[in-house]
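> Sharing a structure here in structure tokens format.
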Amino acid sequence: MLFDIRLPIGFIFTIFGAIVSLYGLLSNQNIYDSHSLGININVWWGLVMFIFGTSFLIFAFRKKAKNE
Amino acid sequence: MEPLLKINLIDYLIIIIYFIFVLGIGYFLRKAMITSNDFLLSGRKIPAWITGLAFISANLGALEVMGMSASGAKYGMLTAHFYWLGAIPAMVFVGVFMMPFYYGSKARSVPEYLKLRFDEKTRAFNALSFAVMTVLASGISMYAIAIVFQMMIGWSIHFSIFISAIVVLVYIFFGGLTSSIYNEVLQFFLIVFGFLPITILGLIQADGWGNLATKMETVVRGSTHIWSNLGNTMNNPMGIEWFGMVMGLGFVLSFGYWCTDFLVVQRAMAAKDITAAQNTPLIATFPKILFPFIVILPGIIGISLFPKEAFFSDAGTIDYNRILPVLLGKYLPNGMLGIGLTALLASFMSGMAGNVTAFNTVWTYDIYHAYINKKATDKQLLKMGKYTTVVGVLISIASAYIALGFANIMDYLQLLFSFFNAPLFATFLLGMFWKRSTGHGAFWGLLLGTLAAGIHHLLVSNGIISYYSEMASNFYQAIYSWTTAFVLTVIISLLTKPRPENELVGLVYSLTPKPVTSHIPFYKRPSTLAIAAIILTIIFNIIFW
């Protein structure tokens, strides 16, 4: 009785993506000027993680629905 | 001493969420651990893509990640040889040719295969040396990483050691090998998402690979081509020529590690069927081929785009191990910094978990079940597996503290470990592909091959033999030790009585029917994946020639 590993991975990246991109929207632009060449890496990469996470969740739930 | 990185609440929040997930995975797996087979071998029912990602993650501890970027700064793209030459061919070989025997023989561990193929003493030698090495190695890396975390974010060494030990203990105790494998897959994605932004931002800052390579050549000459400078030891920063590179790294060391080290082979043994077991290392080759861009490029970026002083230790000399931590701080603002640190923390813990699960299995099946309690019931084996987890973690902690007190002892131990892997591949090669090889041949070849490595080391350290670089010395040591083991195993085997052929079915290539693949779609066949991996590797070798 093993659970689908896509569930925890999907959840953690959805949460991480949401937290990081939200923080990116709220934080001051000067931290990006001093670190990531002026690019708001939190918003963009947070979004990438969020999309990755949710697509893993969709896969996992689809498979679950198919099995039931 | 000021910590290198300034982390804030959001970074801590991310780290805490990660801990909750790791422990949660162990917690939700606890009901699936019914037999010792479930606990130590994941019940042999994990799909290939999962075991495949775990296969490369198990090898990707935090020390390796930092070591690769350090090596990227020192040697540039030449470091990619540890991937394209020193890993892919061996991974393809173990998947296509060796896995049918590991998996098909129903051996539960690498030492147990040696018992089935050769004899008790060969197994005992391998099981004991492996068990001692893994658990000590785990402690050594725990100590090394605790120091890094102290430097990076100011955590005390005791705090890092205990928090990681407790978390690893809990999730393995409840979820066994499956827990370890699941966390390794999580770690794989964390490393990709945590470190890839550094490569991307670095390439943007340098304005493309071409400009970066030009800058890198002015810092370290001959470091952006992987083959064209290998004609002579003087022309490349590693101080080695192509023969030592191909035979030492590409053949002996790489095959010795990827084909015989139970830490990685165990992941494939947990796969759900023989095709999945074969595909485990083959699927792993694809991310492995691309990993140089995530772990080596940051080293090149760091050393070419930033002044050397950025990586100075407190003593005022360059410390290559600082490159990755410093770059995390340079490129990642709070938020993403939390993700980068979590990636490092994840590889720290799952590196340790990998060692503990491998130790568990070898202790329970190859030492406890084989010598201490031959009549053990499965219930007793499961219990032993769980207790061994606790003991393994405790020994790791103890050896971390020994390392803290006597750094030199640990250097000697690591040196000693390096003697064991190279000759072992000679034993397996002859065992699997030459039916005439015998137990006596294997045992004495292995023992004397290990000894040969020791003698070579003594000759080098006393100045009787000398090499252009330490790396060259290591590669040639592996070649000599492998050759000794190979030749002696052949000679002694010919002088001793072979085992009857009917006992070797399923253990030796020429006596075992080939796995049938005609019912599998062609893109899932081991041979298809192997050819694709080889073609891709050749392409990268040509691009960076």
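Ordering of the structure tokens sets the chain letters (A, B, ...), residue numbers begin anew at 1 in every chain, and ligands are numbered from 1 in the order given.
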If you count only C-alpha atoms, which residues fall within 10 Å of Ile31 of chain A, apart from same-chain ones fewer than 4 positions away, as a list in words?

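Listed by chain and then number, they are Gly24, Ser27, His35, Ser36, Leu37, Gly38, Ile39 and Asn40 of chain A; Leu332, Pro333 and Asn334 of chain B.
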
> Could I get the residues of chain A with an atom no further than 9 Å from an atom of chain B, each paired with its nearest atom pair and that distance in Å to one decimal, using only C-alpha atoms, sorted by chain and residue number, as a tab-separated table?


residue	atom	partner	partner_atom	distance
A:Met1	CA	B:Ala32	CA	5.2
A:Leu2	CA	B:Ala32	CA	6.3
A:Phe3	CA	B:Leu29	CA	7.6
A:Ile5	CA	B:Tyr182	CA	6.6
A:Pro8	CA	B:Phe21	CA	7.1
A:Ile9	CA	B:Leu186	CA	6.1
A:Ile12	CA	B:Phe21	CA	7.4
A:Phe13	CA	B:Leu190	CA	8.8
A:Ile15	CA	B:Ile17	CA	8.8
A:Phe16	CA	B:Ile14	CA	6.9
A:Ile19	CA	B:Gly335	CA	7.9
A:Val20	CA	B:Gly335	CA	5.3
A:Ser21	CA	B:Gly335	CA	8.3
A:Tyr23	CA	B:Gly335	CA	6.9
A:Gly24	CA	B:Gly335	CA	7.6
A:Ile31	CA	B:Pro333	CA	6.2
A:Tyr32	CA	B:Pro333	CA	6.6
A:Ser34	CA	B:Lys330	CA	8.1
A:His35	CA	B:Tyr331	CA	4.7
A:Ser36	CA	B:Tyr331	CA	5.0
A:Leu37	CA	B:Gln205	CA	7.4
A:Ile39	CA	B:Leu201	CA	9.0
A:Ile41	CA	B:Met336	CA	7.5
A:Asn42	CA	B:Met336	CA	5.9
A:Trp45	CA	B:Pro197	CA	7.8
A:Gly46	CA	B:Met336	CA	8.0
A:Val48	CA	B:Phe193	CA	8.9
A:Met49	CA	B:Phe193	CA	7.4

> Generate a file of the selected residues that holds N, CA and C atoms, formatted as a compact mmCIF listing (two decimals), in the first residue's frame.


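This is the output file again-v8.txt:
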# COMPACT_ATOMS: atom_id res chain seq x y z
N MET A 1 0.82 -1.20 0.00
CA MET A 1 0.00 0.00 0.00
C MET A 1 0.86 1.26 0.00
N LEU A 2 1.36 1.65 -1.16
CA LEU A 2 2.18 2.85 -1.23
C LEU A 2 1.35 3.98 -1.83
N PHE A 3 1.59 5.21 -1.35
CA PHE A 3 0.89 6.33 -1.99
C PHE A 3 1.71 6.81 -3.18
N ILE A 5 3.95 8.99 -5.28
CA ILE A 5 4.96 9.99 -4.89
C ILE A 5 4.70 11.35 -5.53
N PRO A 8 3.12 14.12 -2.76
CA PRO A 8 3.93 15.04 -1.93
C PRO A 8 4.76 16.00 -2.77
N ILE A 9 5.31 15.52 -3.89
CA ILE A 9 6.12 16.42 -4.72
C ILE A 9 5.25 17.54 -5.29
N ILE A 12 4.34 20.00 -2.38
CA ILE A 12 5.43 20.84 -1.85
C ILE A 12 5.81 21.92 -2.86
N PHE A 13 5.83 21.58 -4.15
CA PHE A 13 6.21 22.60 -5.12
C PHE A 13 5.10 23.62 -5.37
N ILE A 15 3.11 24.64 -2.99
CA ILE A 15 3.23 25.53 -1.83
C ILE A 15 4.46 26.43 -1.96
N PHE A 16 5.62 25.82 -2.28
CA PHE A 16 6.84 26.62 -2.43
C PHE A 16 6.65 27.69 -3.51
N ILE A 19 4.38 30.50 -2.19
CA ILE A 19 5.05 31.34 -1.18
C ILE A 19 6.08 32.26 -1.85
N VAL A 20 6.93 31.66 -2.69
CA VAL A 20 8.03 32.42 -3.26
C VAL A 20 7.52 33.51 -4.21
N SER A 21 6.53 33.17 -5.04
CA SER A 21 6.09 34.21 -5.99
C SER A 21 5.29 35.30 -5.28
N TYR A 23 5.85 36.28 -2.23
CA TYR A 23 6.89 37.09 -1.59
C TYR A 23 7.54 38.01 -2.62
N GLY A 24 7.70 37.46 -3.83
CA GLY A 24 8.28 38.27 -4.91
C GLY A 24 7.43 39.48 -5.23
N ILE A 31 16.06 44.34 -3.72
CA ILE A 31 16.75 43.08 -3.43
C ILE A 31 17.05 42.32 -4.73
N TYR A 32 16.29 42.62 -5.79
CA TYR A 32 16.56 41.96 -7.09
C TYR A 32 17.67 42.68 -7.83
N SER A 34 20.19 44.00 -6.33
CA SER A 34 21.46 43.64 -5.71
C SER A 34 21.79 42.14 -5.87
N HIS A 35 20.81 41.33 -6.21
CA HIS A 35 21.10 39.89 -6.35
C HIS A 35 20.98 39.40 -7.79
N SER A 36 19.72 39.40 -8.29
CA SER A 36 19.47 38.64 -9.50
C SER A 36 19.39 39.51 -10.74
N LEU A 37 20.38 40.40 -10.90
CA LEU A 37 20.50 41.23 -12.11
C LEU A 37 19.23 42.02 -12.41
N ILE A 39 16.28 41.07 -12.18
CA ILE A 39 15.14 40.21 -12.54
C ILE A 39 14.45 39.76 -11.25
N ILE A 41 13.42 37.26 -9.66
CA ILE A 41 13.53 35.80 -9.78
C ILE A 41 12.50 35.09 -8.92
N ASN A 42 12.09 35.72 -7.82
CA ASN A 42 11.10 35.08 -6.95
C ASN A 42 9.78 34.90 -7.68
N TRP A 45 10.55 32.42 -11.03
CA TRP A 45 10.88 31.03 -10.71
C TRP A 45 9.83 30.43 -9.78
N GLY A 46 9.22 31.29 -8.94
CA GLY A 46 8.13 30.81 -8.11
C GLY A 46 6.98 30.31 -8.97
N VAL A 48 7.25 29.16 -12.05
CA VAL A 48 7.68 27.89 -12.67
C VAL A 48 7.46 26.73 -11.70
N MET A 49 7.84 26.92 -10.43
CA MET A 49 7.67 25.86 -9.44
C MET A 49 6.19 25.56 -9.21

> Determine, counting only C-alpha atoms, which protein, DNA and RNA residues have an atom within 7 Å of an atom of segment 479-491 of chain B; residues of the same chain fewer than 4 positions away are not included. Present the result as a PyMOL selection string.

chain B and resi 247-248+252+422-423+426+437+441-442+444-446+448-450+452-453+475+495

> Convert the current residue selection to file output with N, CA and C atoms, as a CSV table (one decimal), in the first residue's frame.


chain,number,residue,atom,x,y,z
B,247,MET,N,41.2,5.1,-18.9
B,247,MET,CA,41.3,3.8,-18.2
B,247,MET,C,41.0,4.0,-16.7
B,248,GLY,N,41.6,5.0,-16.1
B,248,GLY,CA,41.5,5.2,-14.6
B,248,GLY,C,40.1,5.6,-14.2
B,252,VAL,N,38.0,1.9,-14.7
B,252,VAL,CA,38.1,1.2,-13.4
B,252,VAL,C,37.3,2.0,-12.3
B,422,ALA,N,38.0,-0.3,-6.6
B,422,ALA,CA,38.6,-0.6,-7.9
B,422,ALA,C,38.7,-2.1,-8.1
B,423,PRO,N,39.3,-2.9,-7.2
B,423,PRO,CA,39.5,-4.3,-7.4
B,423,PRO,C,38.1,-5.0,-7.5
B,426,ALA,N,36.8,-5.9,-10.9
B,426,ALA,CA,37.4,-7.1,-11.5
B,426,ALA,C,36.7,-8.4,-11.1
B,437,SER,N,35.6,-18.7,-13.4
B,437,SER,CA,36.1,-18.1,-12.2
B,437,SER,C,35.6,-18.7,-10.9
B,441,GLY,N,39.6,-17.8,-6.3
B,441,GLY,CA,40.1,-16.8,-7.2
B,441,GLY,C,39.6,-15.4,-6.9
B,442,ALA,N,38.3,-15.4,-6.7
B,442,ALA,CA,37.6,-14.1,-6.4
B,442,ALA,C,38.1,-13.5,-5.1
B,444,TRP,N,40.9,-14.1,-3.2
B,444,TRP,CA,42.3,-13.7,-3.2
B,444,TRP,C,42.6,-12.6,-4.1
B,445,GLY,N,41.9,-12.6,-5.3
B,445,GLY,CA,42.1,-11.5,-6.2
B,445,GLY,C,41.7,-10.2,-5.6
B,446,LEU,N,40.5,-10.2,-4.9
B,446,LEU,CA,40.0,-9.0,-4.3
B,446,LEU,C,40.9,-8.5,-3.2
B,448,LEU,N,44.1,-9.2,-2.6
B,448,LEU,CA,45.4,-8.7,-3.1
B,448,LEU,C,45.3,-7.5,-3.9
B,449,GLY,N,44.2,-7.3,-4.7
B,449,GLY,CA,44.0,-6.1,-5.4
B,449,GLY,C,43.9,-4.9,-4.5
B,450,THR,N,43.2,-5.1,-3.4
B,450,THR,CA,43.0,-4.1,-2.4
B,450,THR,C,44.4,-3.7,-1.8
B,452,ALA,N,47.2,-4.2,-3.3
B,452,ALA,CA,48.1,-3.5,-4.3
B,452,ALA,C,47.8,-2.0,-4.3
B,453,ALA,N,46.5,-1.6,-4.1
B,453,ALA,CA,46.2,-0.2,-4.0
B,453,ALA,C,47.0,0.5,-2.8
B,475,PHE,N,44.0,7.9,-10.3
B,475,PHE,CA,43.5,7.1,-11.4
B,475,PHE,C,44.5,6.0,-11.7
B,495,LEU,N,43.7,-22.5,-11.3
B,495,LEU,CA,44.3,-23.5,-10.5
B,495,LEU,C,43.4,-24.2,-9.5

> If you run DSSP on this backbone, which residues of segment 157-246 of chain B come out as helix (DSSP H, G or I), and could you give them as a VMD selection string?

chain B and resid 157 to 206 209 to 219 233 to 235 242 to 246

> What's the 8 Å shell around Ala60 of chain A, counting only C-alpha atoms, without same-chain residues fewer than 6 positions away, as a count of residues only?

3

> So which one's closest to Gly17 of chain A, A:Asn30, A:Lys63, A:Phe52, A:Glu68? Using only C-alpha atoms, please.

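Closest candidate: A:Phe52.
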
> Which residue is closest to Ala18 of chain A? Choose from A:Phe61, A:Phe50, A:Phe56, A:Trp44 and count only C-alpha atoms.

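Of the candidates, the smallest distance to Ala18 of chain A is held by A:Phe50.
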